[in-house]
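J.: start26.cif is reproduced below (mmCIF, C-alpha atoms).
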data_run
loop_
_atom_site.group_PDB
_atom_site.id
_atom_site.type_symbol
_atom_site.label_atom_id
_atom_site.label_comp_id
_atom_site.auth_asym_id
_atom_site.auth_seq_id
_atom_site.Cartn_x
_atom_site.Cartn_y
_atom_site.Cartn_z
ATOM 1 C CA MET A 32 19.355 75.744 183.648
ATOM 2 C CA ASP A 33 20.461 78.127 180.917
ATOM 3 C CA HIS A 34 19.662 76.141 177.754
ATOM 4 C CA ALA A 35 20.891 78.895 175.421
ATOM 5 C CA ALA A 36 24.313 78.899 177.101
ATOM 6 C CA ASP A 37 24.495 75.096 176.968
ATOM 7 C CA ALA A 38 23.511 75.076 173.295
ATOM 8 C CA HIS A 39 26.241 77.627 172.629
ATOM 9 C CA ARG A 40 28.803 75.350 174.310
ATOM 10 C CA THR A 41 28.098 72.580 171.803
ATOM 11 C CA ASP A 42 28.922 74.913 168.910
ATOM 12 C CA LEU A 43 32.591 75.077 169.917
ATOM 13 C CA MET A 44 35.437 74.532 167.495
ATOM 14 C CA THR A 45 37.174 71.534 169.045
ATOM 15 C CA ILE A 46 40.566 70.403 167.781
ATOM 16 C CA THR A 47 38.953 67.269 166.281
ATOM 17 C CA ARG A 48 36.409 69.347 164.391
ATOM 18 C CA PHE A 49 39.137 71.759 163.282
ATOM 19 C CA VAL A 50 41.341 68.975 161.886
ATOM 20 C CA LEU A 51 38.357 67.290 160.175
ATOM 21 C CA ASN A 52 37.483 70.634 158.551
ATOM 22 C CA GLU A 53 41.041 70.877 157.251
ATOM 23 C CA GLN A 54 40.868 67.294 155.999
ATOM 24 C CA SER A 55 37.653 67.952 154.054
ATOM 25 C CA LYS A 56 39.581 70.424 151.863
ATOM 26 C CA TYR A 57 41.505 67.471 150.417
ATOM 27 C CA PRO A 58 39.141 65.037 148.682
ATOM 28 C CA GLU A 59 41.959 62.466 148.283
ATOM 29 C CA SER A 60 42.579 62.419 152.047
ATOM 30 C CA ARG A 61 41.913 59.106 153.807
ATOM 31 C CA GLY A 62 41.914 60.520 157.319
ATOM 32 C CA ASP A 63 45.214 58.917 158.384
ATOM 33 C CA PHE A 64 46.697 62.228 159.469
ATOM 34 C CA THR A 65 43.527 63.068 161.436
ATOM 35 C CA ILE A 66 43.726 59.736 163.258
ATOM 36 C CA LEU A 67 47.410 60.301 164.063
ATOM 37 C CA LEU A 68 46.679 63.770 165.463
ATOM 38 C CA SER A 69 43.814 62.484 167.594
ATOM 39 C CA HIS A 70 46.241 59.991 169.192
ATOM 40 C CA ILE A 71 48.750 62.795 169.893
ATOM 41 C CA VAL A 72 45.932 64.851 171.464
ATOM 42 C CA LEU A 73 44.957 61.891 173.650
ATOM 43 C CA GLY A 74 48.583 61.561 174.813
ATOM 44 C CA CYS A 75 48.622 65.278 175.691
ATOM 45 C CA LYS A 76 45.419 64.967 177.754
ATOM 46 C CA PHE A 77 46.835 61.998 179.629
ATOM 47 C CA VAL A 78 50.137 63.738 180.430
ATOM 48 C CA CYS A 79 48.275 66.920 181.427
ATOM 49 C CA THR A 80 46.334 64.951 184.045
ATOM 50 C CA ALA A 81 49.504 63.246 185.318
ATOM 51 C CA VAL A 82 51.368 66.578 185.594
ATOM 52 C CA ASN A 83 48.498 68.128 187.555
ATOM 53 C CA LYS A 84 48.552 65.238 190.036
ATOM 54 C CA GLY A 85 52.059 66.323 191.023
ATOM 55 C CA GLU A 86 54.011 63.127 190.330
ATOM 56 C CA ASP A 87 57.781 63.504 190.770
ATOM 57 C CA GLN A 88 60.011 64.265 187.790
ATOM 58 C CA LYS A 89 61.580 60.841 187.239
ATOM 59 C CA LYS A 90 58.189 59.139 187.199
ATOM 60 C CA LEU A 91 56.659 61.747 184.889
ATOM 61 C CA ASP A 92 59.526 61.597 182.385
ATOM 62 C CA VAL A 93 59.192 57.841 182.001
ATOM 63 C CA LEU A 94 55.396 57.888 182.109
ATOM 64 C CA SER A 95 54.968 60.603 179.471
ATOM 65 C CA ASN A 96 57.401 58.840 177.139
ATOM 66 C CA GLU A 97 55.519 55.528 177.479
ATOM 67 C CA VAL A 98 52.186 57.274 176.975
ATOM 68 C CA PHE A 99 53.279 58.850 173.687
ATOM 69 C CA ILE A 100 55.042 55.750 172.358
ATOM 70 C CA LYS A 101 51.918 53.648 173.042
ATOM 71 C CA ALA A 102 49.524 56.281 171.675
ATOM 72 C CA LEU A 103 51.547 56.687 168.487
ATOM 73 C CA VAL A 104 52.108 52.979 167.847
ATOM 74 C CA SER A 105 48.458 52.117 168.524
ATOM 75 C CA SER A 106 47.312 54.728 165.982
ATOM 76 C CA GLY A 107 48.539 52.317 163.294
ATOM 77 C CA ARG A 108 49.729 55.342 161.291
ATOM 78 C CA THR A 109 53.406 55.625 162.306
ATOM 79 C CA CYS A 110 56.568 53.853 161.194
ATOM 80 C CA ILE A 111 59.417 55.588 163.061
ATOM 81 C CA LEU A 112 59.338 57.374 166.411
ATOM 82 C CA VAL A 113 62.202 59.461 167.771
ATOM 83 C CA SER A 114 61.904 60.459 171.429
ATOM 84 C CA GLU A 115 64.222 62.630 173.508
ATOM 85 C CA GLU A 116 63.985 59.944 176.207
ATOM 86 C CA ASP A 117 65.170 57.035 174.022
ATOM 87 C CA GLU A 118 68.717 56.639 172.746
ATOM 88 C CA GLU A 119 67.564 54.711 169.675
ATOM 89 C CA ALA A 120 64.682 55.374 167.304
ATOM 90 C CA THR A 121 61.633 53.091 167.622
ATOM 91 C CA PHE A 122 60.709 51.215 164.439
ATOM 92 C CA VAL A 123 57.060 50.202 164.510
ATOM 93 C CA GLU A 124 56.311 46.522 163.775
ATOM 94 C CA PRO A 125 55.017 45.956 160.199
ATOM 95 C CA ALA A 126 51.473 44.983 161.310
ATOM 96 C CA LYS A 127 50.946 48.399 162.937
ATOM 97 C CA ARG A 128 52.925 50.453 160.479
ATOM 98 C CA GLY A 129 51.767 53.628 158.729
ATOM 99 C CA LYS A 130 53.433 56.317 156.620
ATOM 100 C CA TYR A 131 54.237 58.953 159.281
ATOM 101 C CA CYS A 132 57.411 59.538 161.298
ATOM 102 C CA VAL A 133 56.968 61.383 164.586
ATOM 103 C CA VAL A 134 59.765 63.136 166.486
ATOM 104 C CA PHE A 135 58.974 64.354 170.000
ATOM 105 C CA ASP A 136 60.173 65.471 173.392
ATOM 106 C CA PRO A 137 57.580 63.945 175.730
ATOM 107 C CA LEU A 138 58.245 66.324 178.633
ATOM 108 C CA ASP A 139 60.402 69.321 177.807
ATOM 109 C CA GLY A 140 61.591 71.359 180.786
ATOM 110 C CA SER A 141 60.799 68.525 183.189
ATOM 111 C CA SER A 142 63.547 69.608 185.610
ATOM 112 C CA ASN A 143 61.146 72.477 186.439
ATOM 113 C CA ILE A 144 58.287 70.203 187.551
ATOM 114 C CA ASP A 145 58.922 70.468 191.255
ATOM 115 C CA CYS A 146 58.813 74.284 191.281
ATOM 116 C CA GLY A 147 55.552 74.656 189.382
ATOM 117 C CA VAL A 148 56.952 76.113 186.148
ATOM 118 C CA SER A 149 55.143 75.356 182.871
ATOM 119 C CA ILE A 150 56.466 72.339 180.995
ATOM 120 C CA GLY A 151 55.290 70.731 177.780
ATOM 121 C CA THR A 152 55.403 68.174 174.985
ATOM 122 C CA ILE A 153 56.924 69.155 171.610
ATOM 123 C CA PHE A 154 56.304 67.168 168.414
ATOM 124 C CA GLY A 155 56.958 67.193 164.681
ATOM 125 C CA ILE A 156 55.538 64.960 161.939
ATOM 126 C CA TYR A 157 57.204 63.831 158.694
ATOM 127 C CA MET A 158 55.732 61.616 156.002
ATOM 128 C CA MET A 159 57.546 58.768 154.243
ATOM 129 C CA LYS A 160 58.165 59.820 150.653
ATOM 130 C CA ASP A 161 57.194 56.438 149.212
ATOM 131 C CA VAL A 162 56.520 52.882 150.337
ATOM 132 C CA HIS A 163 59.739 51.218 151.470
ATOM 133 C CA GLU A 164 61.340 49.659 154.530
ATOM 134 C CA PRO A 165 61.712 52.576 156.972
ATOM 135 C CA THR A 166 65.258 53.748 157.726
ATOM 136 C CA LEU A 167 66.689 56.559 159.841
ATOM 137 C CA ASP A 168 67.016 58.660 156.679
ATOM 138 C CA ASP A 169 63.228 59.017 156.739
ATOM 139 C CA VAL A 170 63.514 61.177 159.882
ATOM 140 C CA LEU A 171 66.893 62.778 159.175
ATOM 141 C CA GLN A 172 65.234 65.342 156.933
ATOM 142 C CA PRO A 173 65.391 69.141 157.061
ATOM 143 C CA GLY A 174 62.677 70.805 159.137
ATOM 144 C CA LYS A 175 61.140 72.413 156.033
ATOM 145 C CA ASN A 176 59.942 68.904 155.043
ATOM 146 C CA MET A 177 57.794 68.588 158.186
ATOM 147 C CA LEU A 178 54.069 68.204 157.550
ATOM 148 C CA ALA A 179 53.036 69.485 160.952
ATOM 149 C CA ALA A 180 54.475 70.541 164.284
ATOM 150 C CA GLY A 181 53.191 71.642 167.641
ATOM 151 C CA TYR A 182 53.523 71.661 171.382
ATOM 152 C CA CYS A 183 51.255 71.162 174.343
ATOM 153 C CA MET A 184 52.006 73.304 177.389
ATOM 154 C CA TYR A 185 50.989 72.096 180.841
ATOM 155 C CA GLY A 186 50.737 75.228 182.966
ATOM 156 C CA SER A 187 47.982 77.321 184.517
ATOM 157 C CA SER A 188 45.902 75.896 181.675
ATOM 158 C CA CYS A 189 46.640 73.134 179.174
ATOM 159 C CA THR A 190 47.297 74.727 175.771
ATOM 160 C CA LEU A 191 47.991 72.942 172.490
ATOM 161 C CA VAL A 192 49.531 74.982 169.667
ATOM 162 C CA LEU A 193 49.486 73.348 166.234
ATOM 163 C CA SER A 194 50.458 74.078 162.648
ATOM 164 C CA THR A 195 49.721 71.814 159.703
ATOM 165 C CA GLY A 196 51.553 74.171 157.351
ATOM 166 C CA LYS A 197 48.768 76.724 156.963
ATOM 167 C CA GLY A 198 49.221 79.100 159.866
ATOM 168 C CA VAL A 199 49.239 78.446 163.602
ATOM 169 C CA ASN A 200 46.259 77.799 165.876
ATOM 170 C CA GLY A 201 46.048 77.506 169.666
ATOM 171 C CA PHE A 202 43.611 75.299 171.581
ATOM 172 C CA THR A 203 42.894 75.251 175.313
ATOM 173 C CA LEU A 204 41.715 72.168 177.195
ATOM 174 C CA ASP A 205 38.265 72.655 178.705
ATOM 175 C CA PRO A 206 38.396 70.256 181.681
ATOM 176 C CA SER A 207 34.599 70.060 181.983
ATOM 177 C CA LEU A 208 34.326 68.793 178.387
ATOM 178 C CA GLY A 209 37.670 66.994 178.150
ATOM 179 C CA GLU A 210 38.086 68.750 174.793
ATOM 180 C CA PHE A 211 40.624 71.148 173.320
ATOM 181 C CA ILE A 212 38.751 74.267 172.163
ATOM 182 C CA LEU A 213 40.067 76.757 169.588
ATOM 183 C CA THR A 214 40.945 79.839 171.681
ATOM 184 C CA HIS A 215 43.778 81.391 169.626
ATOM 185 C CA PRO A 216 42.848 81.239 165.932
ATOM 186 C CA ASP A 217 45.514 82.130 163.344
ATOM 187 C CA ILE A 218 48.300 83.242 165.703
ATOM 188 C CA LYS A 219 50.573 85.889 164.178
ATOM 189 C CA ILE A 220 53.745 86.950 165.996
ATOM 190 C CA PRO A 221 54.278 90.737 166.190
ATOM 191 C CA LYS A 222 56.837 91.924 163.584
ATOM 192 C CA LYS A 223 59.042 93.345 166.331
ATOM 193 C CA GLY A 224 58.987 92.610 170.058
ATOM 194 C CA LYS A 225 60.006 94.252 173.318
ATOM 195 C CA ILE A 226 61.323 91.095 175.029
ATOM 196 C CA TYR A 227 64.522 89.072 174.706
ATOM 197 C CA SER A 228 64.859 85.637 176.272
ATOM 198 C CA VAL A 229 68.252 84.020 176.917
ATOM 199 C CA ASN A 230 70.250 82.411 179.720
ATOM 200 C CA GLU A 231 72.566 85.314 180.579
ATOM 201 C CA GLY A 232 74.505 83.057 182.930
ATOM 202 C CA ASN A 233 76.329 81.780 179.821
ATOM 203 C CA ALA A 234 77.382 85.287 178.693
ATOM 204 C CA LYS A 235 81.102 84.835 179.317
ATOM 205 C CA ASN A 236 81.170 81.986 176.760
ATOM 206 C CA TRP A 237 79.156 83.706 173.987
ATOM 207 C CA ASP A 238 80.467 84.598 170.537
ATOM 208 C CA GLY A 239 80.705 88.199 169.257
ATOM 209 C CA PRO A 240 77.327 88.550 167.481
ATOM 210 C CA THR A 241 75.342 87.149 170.438
ATOM 211 C CA SER A 242 77.151 89.428 172.907
ATOM 212 C CA LYS A 243 76.595 92.449 170.639
ATOM 213 C CA TYR A 244 72.935 91.612 170.171
ATOM 214 C CA VAL A 245 72.197 91.240 173.893
ATOM 215 C CA GLU A 246 74.166 94.430 174.596
ATOM 216 C CA SER A 247 71.968 96.273 172.058
ATOM 217 C CA CYS A 248 68.837 94.894 173.773
ATOM 218 C CA LYS A 249 69.966 96.472 177.060
ATOM 219 C CA PHE A 250 71.650 99.618 175.732
ATOM 220 C CA PRO A 251 70.009 100.506 172.411
ATOM 221 C CA LYS A 252 72.042 102.997 170.366
ATOM 222 C CA ASP A 253 69.065 104.305 168.374
ATOM 223 C CA GLY A 254 67.374 106.028 171.305
ATOM 224 C CA SER A 255 64.654 103.358 171.639
ATOM 225 C CA SER A 256 63.687 101.794 174.988
ATOM 226 C CA PRO A 257 65.689 98.778 176.180
ATOM 227 C CA LYS A 258 64.059 95.375 175.780
ATOM 228 C CA SER A 259 62.815 93.480 178.835
ATOM 229 C CA LEU A 260 64.463 90.185 179.756
ATOM 230 C CA ARG A 261 62.187 87.192 180.374
ATOM 231 C CA TYR A 262 63.725 83.726 180.762
ATOM 232 C CA ILE A 263 61.844 80.811 182.277
ATOM 233 C CA GLY A 264 64.270 78.060 181.303
ATOM 234 C CA SER A 265 61.512 75.846 179.927
ATOM 235 C CA MET A 266 61.590 76.039 176.117
ATOM 236 C CA VAL A 267 57.852 75.499 175.643
ATOM 237 C CA ALA A 268 56.952 78.334 178.038
ATOM 238 C CA ASP A 269 59.584 80.721 176.652
ATOM 239 C CA VAL A 270 58.607 80.047 173.022
ATOM 240 C CA HIS A 271 54.879 80.283 173.847
ATOM 241 C CA ARG A 272 55.352 83.746 175.307
ATOM 242 C CA THR A 273 57.520 84.780 172.339
ATOM 243 C CA LEU A 274 54.865 83.570 169.891
ATOM 244 C CA LEU A 275 52.059 85.502 171.586
ATOM 245 C CA TYR A 276 53.858 88.683 172.676
ATOM 246 C CA GLY A 277 56.712 88.886 170.175
ATOM 247 C CA GLY A 278 60.431 89.326 170.791
ATOM 248 C CA ILE A 279 63.270 86.854 170.457
ATOM 249 C CA PHE A 280 64.276 83.583 172.132
ATOM 250 C CA LEU A 281 67.904 82.602 171.797
ATOM 251 C CA TYR A 282 69.958 79.594 172.816
ATOM 252 C CA PRO A 283 73.248 80.293 171.055
ATOM 253 C CA ALA A 284 76.321 78.140 170.654
ATOM 254 C CA ASP A 285 79.052 79.029 173.137
ATOM 255 C CA LYS A 286 82.499 77.844 174.199
ATOM 256 C CA LYS A 287 80.954 75.256 176.518
ATOM 257 C CA SER A 288 78.396 73.974 173.968
ATOM 258 C CA PRO A 289 79.882 74.714 170.519
ATOM 259 C CA ASN A 290 76.848 73.134 168.806
ATOM 260 C CA GLY A 291 74.297 74.780 171.050
ATOM 261 C CA LYS A 292 72.232 72.880 173.569
ATOM 262 C CA LEU A 293 68.797 72.314 172.023
ATOM 263 C CA ARG A 294 68.046 69.216 169.953
ATOM 264 C CA VAL A 295 67.401 69.713 166.255
ATOM 265 C CA LEU A 296 64.653 67.192 165.509
ATOM 266 C CA TYR A 297 62.259 67.642 168.405
ATOM 267 C CA GLU A 298 63.040 71.117 169.799
ATOM 268 C CA VAL A 299 64.587 73.367 167.143
ATOM 269 C CA PHE A 300 62.593 72.136 164.109
ATOM 270 C CA PRO A 301 59.044 72.095 165.531
ATOM 271 C CA MET A 302 59.460 75.505 167.209
ATOM 272 C CA SER A 303 61.081 76.998 164.084
ATOM 273 C CA PHE A 304 58.251 75.576 161.943
ATOM 274 C CA LEU A 305 55.658 77.243 164.200
ATOM 275 C CA MET A 306 57.551 80.560 164.232
ATOM 276 C CA GLU A 307 57.763 80.720 160.446
ATOM 277 C CA GLN A 308 54.096 79.759 160.106
ATOM 278 C CA ALA A 309 53.221 82.633 162.470
ATOM 279 C CA GLY A 310 55.221 85.123 160.389
ATOM 280 C CA GLY A 311 58.457 85.042 162.400
ATOM 281 C CA GLN A 312 61.913 83.667 161.620
ATOM 282 C CA ALA A 313 64.301 81.041 162.973
ATOM 283 C CA PHE A 314 68.062 81.136 162.401
ATOM 284 C CA THR A 315 70.975 78.976 163.615
ATOM 285 C CA GLY A 316 73.717 81.597 163.364
ATOM 286 C CA LYS A 317 74.656 80.137 159.970
ATOM 287 C CA GLU A 318 71.417 79.425 158.095
ATOM 288 C CA ARG A 319 67.637 79.288 158.215
ATOM 289 C CA ALA A 320 66.932 76.707 160.926
ATOM 290 C CA LEU A 321 64.492 74.668 158.801
ATOM 291 C CA ASP A 322 67.152 74.192 156.068
ATOM 292 C CA LEU A 323 69.475 72.342 158.444
ATOM 293 C CA VAL A 324 69.975 68.664 157.487
ATOM 294 C CA PRO A 325 70.527 66.567 160.638
ATOM 295 C CA THR A 326 72.901 63.596 160.520
ATOM 296 C CA LYS A 327 72.078 62.139 163.969
ATOM 297 C CA ILE A 328 68.696 61.828 165.690
ATOM 298 C CA HIS A 329 69.816 63.617 168.871
ATOM 299 C CA GLU A 330 71.898 66.283 167.122
ATOM 300 C CA ARG A 331 72.025 69.770 168.676
ATOM 301 C CA ALA A 332 72.026 73.231 167.114
ATOM 302 C CA PRO A 333 72.110 76.880 168.189
ATOM 303 C CA ILE A 334 68.819 78.734 167.679
ATOM 304 C CA PHE A 335 67.548 82.322 167.430
ATOM 305 C CA LEU A 336 63.808 82.499 166.864
ATOM 306 C CA GLY A 337 60.984 84.992 167.171
ATOM 307 C CA SER A 338 59.750 88.242 165.642
ATOM 308 C CA TYR A 339 60.848 88.827 162.037
ATOM 309 C CA ASP A 340 62.689 92.123 162.640
ATOM 310 C CA ASP A 341 64.426 90.925 165.802
ATOM 311 C CA VAL A 342 65.832 87.801 164.106
ATOM 312 C CA GLU A 343 66.773 89.963 161.088
ATOM 313 C CA GLU A 344 68.972 92.007 163.451
ATOM 314 C CA ILE A 345 70.885 88.954 164.728
ATOM 315 C CA LYS A 346 71.317 87.750 161.117
ATOM 316 C CA ARG A 347 72.826 91.141 160.267
ATOM 317 C CA LEU A 348 75.333 90.830 163.137
ATOM 318 C CA TYR A 349 76.433 87.340 162.016
ATOM 319 C CA ALA A 350 76.757 88.513 158.397
ATOM 320 C CA ALA A 351 78.889 91.487 159.540
ATOM 321 C CA GLU A 352 81.173 89.166 161.527
ATOM 322 C CA GLU A 353 81.674 86.895 158.500
ATOM 323 C CA LYS A 354 82.841 89.865 156.429
ATOM 324 C CA ASN A 355 85.535 90.795 158.960
#
Could the structure of this file be written out as structure tokens, please?

T.:
Amino acid sequence: MDHAADAHRTDLMTITRFVLNEQSKYPESRGDFTILLSHIVLGCKFVCTAVNKGEDQKKLDVLSNEVFIKALVSSGRTCILVSEEDEEATFVEPAKRGKYCVVFDPLDGSSNIDCGVSIGTIFGIYMMKDVHEPTLDDVLQPGKNMLAAGYCMYGSSCTLVLSTGKGVNGFTLDPSLGEFILTHPDIKIPKKGKIYSVNEGNAKNWDGPTSKYVESCKFPKDGSSPKSLRYIGSMVADVHRTLLYGGIFLYPADKKSPNGKLRVLYEVFPMSFLMEQAGGQAFTGKERALDLVPTKIHERAPIFLGSYDDVEEIKRLYAAEEKN
């Protein structure tokens, strides 16, 4: 037995240790946020196991939603939960209530389950501003008010990417330990990327700036190489690649979906929060994505997110169109 190697394995930065380290920087902290995160992590581990067993989509959708609702309620730290799977928000009973509101998509991209494409859980966390009876207004806040956001991707490995507002860190589940280990510290998105990611099947319904942008990706006028197209159709997988390799992910509004297709609270906001924390940008075609104020819990919005310079280019095209 290699004792040195085993000793080294115990010196790993687990997600629990990482979050506790962060907590220790705030003497006033009571550990509520740490407890909430540990329940989210437990939910991710559970869903990861279920996904790997190859359950069918319908079962997994329902199961993953129940897992997260139960994990979040039992933490005793939440007051409102908004899930993509539930029409109405869940208000936690007073005895189990805490000060955090959690918005989440328990299994994003689940229509891809049966063909082995990566899928994932996306989440965002808000805090109640003061002690009062929780209302929907507590979650209908702009994304810039989020305390933390992240996603867990269930693919060739199980990866959890998290930001608590001070950069972005990636953790990978070590199955032999049952622990998420810090494998991608302080993720920074490249300032400019070589990849664009969009469903080109919708091209005939796009607006001018989107069409112009995609055209310039394929036929650059400045003599540079064309960008490569990569589109998986599972937001978690497409955003994960964009975060690590750079480039741009876009799901614009079009004639068929004038408000875009992706949901503001639990898709657009958490991913935009992570992008900005990693040094990228997120834009709706009208404004910075995190400035958007939602009026309904399942509201949709267009989104362009990714490398700073690439999003800057799409912003320039929208600004030019407004002038005309």

J.: When you look at Lys258 of chain A with a cut-off of 9 Å (counting all atoms listed in the file), what residues show up, excluding the ones that are within fewer than 6 positions of it in the same chain? I need them as a list of chain:residue names.

T.: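 Answer for this query is A:Gly224, A:Lys225, A:Ile226, A:Tyr227, A:Ser247, A:Cys248, A:Lys249, A:Phe250, A:Pro251, A:Gly278.
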
J.: Given the file shown, determine the residues that the PyMOL selection byres ((chain A and resi 46) around 10) selects; report them as a list in words.

T.: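 When the PyMOL selection byres ((chain A and resi 46) around 10) is applied, the selected residues are Leu43, Met44, Thr45, Thr47, Arg48, Phe49, Val50, Leu51, Asn52, Leu68, Ser69, Val72, Leu191, Leu193, Asn200, Gly201, Phe202, Thr203, Leu204, Glu210, Phe211, Ile212 and Leu213 of chain A.
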
J.: Suppose we keep C-alpha atoms; can you now write the selection as a tab-separated table (two decimals), in the coordinates of the input?

T.:
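The file below, out-v1.tsv, is the result:
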chain	number	residue	atom	x	y	z
A	43	LEU	CA	32.59	75.08	169.92
A	44	MET	CA	35.44	74.53	167.50
A	45	THR	CA	37.17	71.53	169.04
A	47	THR	CA	38.95	67.27	166.28
A	48	ARG	CA	36.41	69.35	164.39
A	49	PHE	CA	39.14	71.76	163.28
A	50	VAL	CA	41.34	68.97	161.89
A	51	LEU	CA	38.36	67.29	160.18
A	52	ASN	CA	37.48	70.63	158.55
A	68	LEU	CA	46.68	63.77	165.46
A	69	SER	CA	43.81	62.48	167.59
A	72	VAL	CA	45.93	64.85	171.46
A	191	LEU	CA	47.99	72.94	172.49
A	193	LEU	CA	49.49	73.35	166.23
A	200	ASN	CA	46.26	77.80	165.88
A	201	GLY	CA	46.05	77.51	169.67
A	202	PHE	CA	43.61	75.30	171.58
A	203	THR	CA	42.89	75.25	175.31
A	204	LEU	CA	41.72	72.17	177.20
A	210	GLU	CA	38.09	68.75	174.79
A	211	PHE	CA	40.62	71.15	173.32
A	212	ILE	CA	38.75	74.27	172.16
A	213	LEU	CA	40.07	76.76	169.59

J.: Tell me which residues the PyMOL selection byres ((chain A and resi 55-64) around 12) grabs here, as a VMD selection string.

T.: chain A and resid 47 to 54 65 to 71 103 106 to 109 128 to 133 156 to 158 178 to 179 195

J.: Just how far from atom CA of Glu119 of chain A is atom CA of Ile328 of chain A, in Å to one decimal?

T.: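 Distance reported for this atom pair: 8.2 Å.
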
J.: Build an axis-aligned box that encloses every atom of segment 159-178 of chain A listed in the file, pad it by 8 Å on each side, and report its centre and edge lengths in Å to one decimal, as lines of an AutoDock Vina configuration file.

T.:
center_x = 60.5
center_y = 61.0
center_z = 154.5
size_x = 28.9
size_y = 38.8
size_z = 26.7

J.: For Gly74 of chain A, work out the shell of residues within 9 Å, counting all atoms listed in the file and skipping chain neighbours fewer than 4 positions away, then give it as a list in words.

T.: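 Those residues are Ser69, His70, Val78, Cys79, Ser95, Val98, Phe99, Lys101, Ala102 and Leu103 of chain A.
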
J.: Separation of atom CA of Asp117 of chain A and atom CA of Gly140 of chain A, in Å?

T.: 16.2 Å

J.: In Å to one decimal, how far is atom CA of Asp238 of chain A from atom CA of Glu352 of chain A?

T.: 10.1 Å

J.: Which one is closest to Thr190 of chain A: A:Ser256, A:Val267, A:Gly174, A:Arg319? Count all atoms listed in the file.

T.: A:Val267

J.: Please build the interface table for segment 55-162 of chain A against segment 292-304 of chain A with a cut-off of 12 Å, listing for each qualifying residue the nearest atom pair and the distance in Å to one decimal; count all atoms listed in the file, order rows by chain and increasing number, and write it as a tab-separated table.

T.:
residue	atom	partner	partner_atom	distance
A:Leu112	CA	A:Tyr297	CA	10.9
A:Val113	CA	A:Tyr297	CA	8.2
A:Ser114	CA	A:Tyr297	CA	7.8
A:Glu115	CA	A:Tyr297	CA	7.4
A:Glu116	CA	A:Tyr297	CA	11.1
A:Ala120	CA	A:Leu296	CA	12.0
A:Cys132	CA	A:Leu296	CA	11.3
A:Val133	CA	A:Tyr297	CA	9.0
A:Val134	CA	A:Tyr297	CA	5.5
A:Phe135	CA	A:Tyr297	CA	4.9
A:Asp136	CA	A:Tyr297	CA	5.8
A:Pro137	CA	A:Tyr297	CA	9.4
A:Leu138	CA	A:Tyr297	CA	11.1
A:Asp139	CA	A:Glu298	CA	8.6
A:Gly140	CA	A:Glu298	CA	11.1
A:Gly151	CA	A:Glu298	CA	11.1
A:Thr152	CA	A:Tyr297	CA	9.5
A:Ile153	CA	A:Tyr297	CA	6.4
A:Phe154	CA	A:Tyr297	CA	6.0
A:Gly155	CA	A:Pro301	CA	5.4
A:Ile156	CA	A:Pro301	CA	8.7
A:Tyr157	CA	A:Leu296	CA	10.6

J.: For the structure shown, which residues end up in the PyMOL selection byres ((chain A and resi 343-351) around 8)? Put them as a VMD selection string, please?

T.: chain A and resid 240 to 241 243 to 244 312 314 316 to 317 335 339 to 342 352 to 355

J.: Go through A:Val324, A:Leu94, A:Leu336, A:Leu274 and flag the residue nearest Lys219 of chain A, using all atoms listed in the file for the distances.

T.: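 Selected residue with least distance to Lys219 of chain A: A:Leu274.
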
J.: Set the distance at 7 Å and use only C-alpha atoms: which residues neighbour Ile334 of chain A once local chain neighbours fewer than 6 positions away are removed? I'd like the list as a list in words.

T.: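 Near Ile334 of chain A, the qualifying residues are Leu281, Tyr282, Pro283, Val299, Ala313, Phe314 and Thr315 of chain A.
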
J.: For a quick check of understanding, using all atoms listed in the file, which of A:Gly232, A:Gly181, A:Pro216, A:Gly264 has the smallest distance to Cys75 of chain A?

T.: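 Once distances to Cys75 of chain A are computed over all atoms listed in the file, the minimum belongs to A:Gly181.
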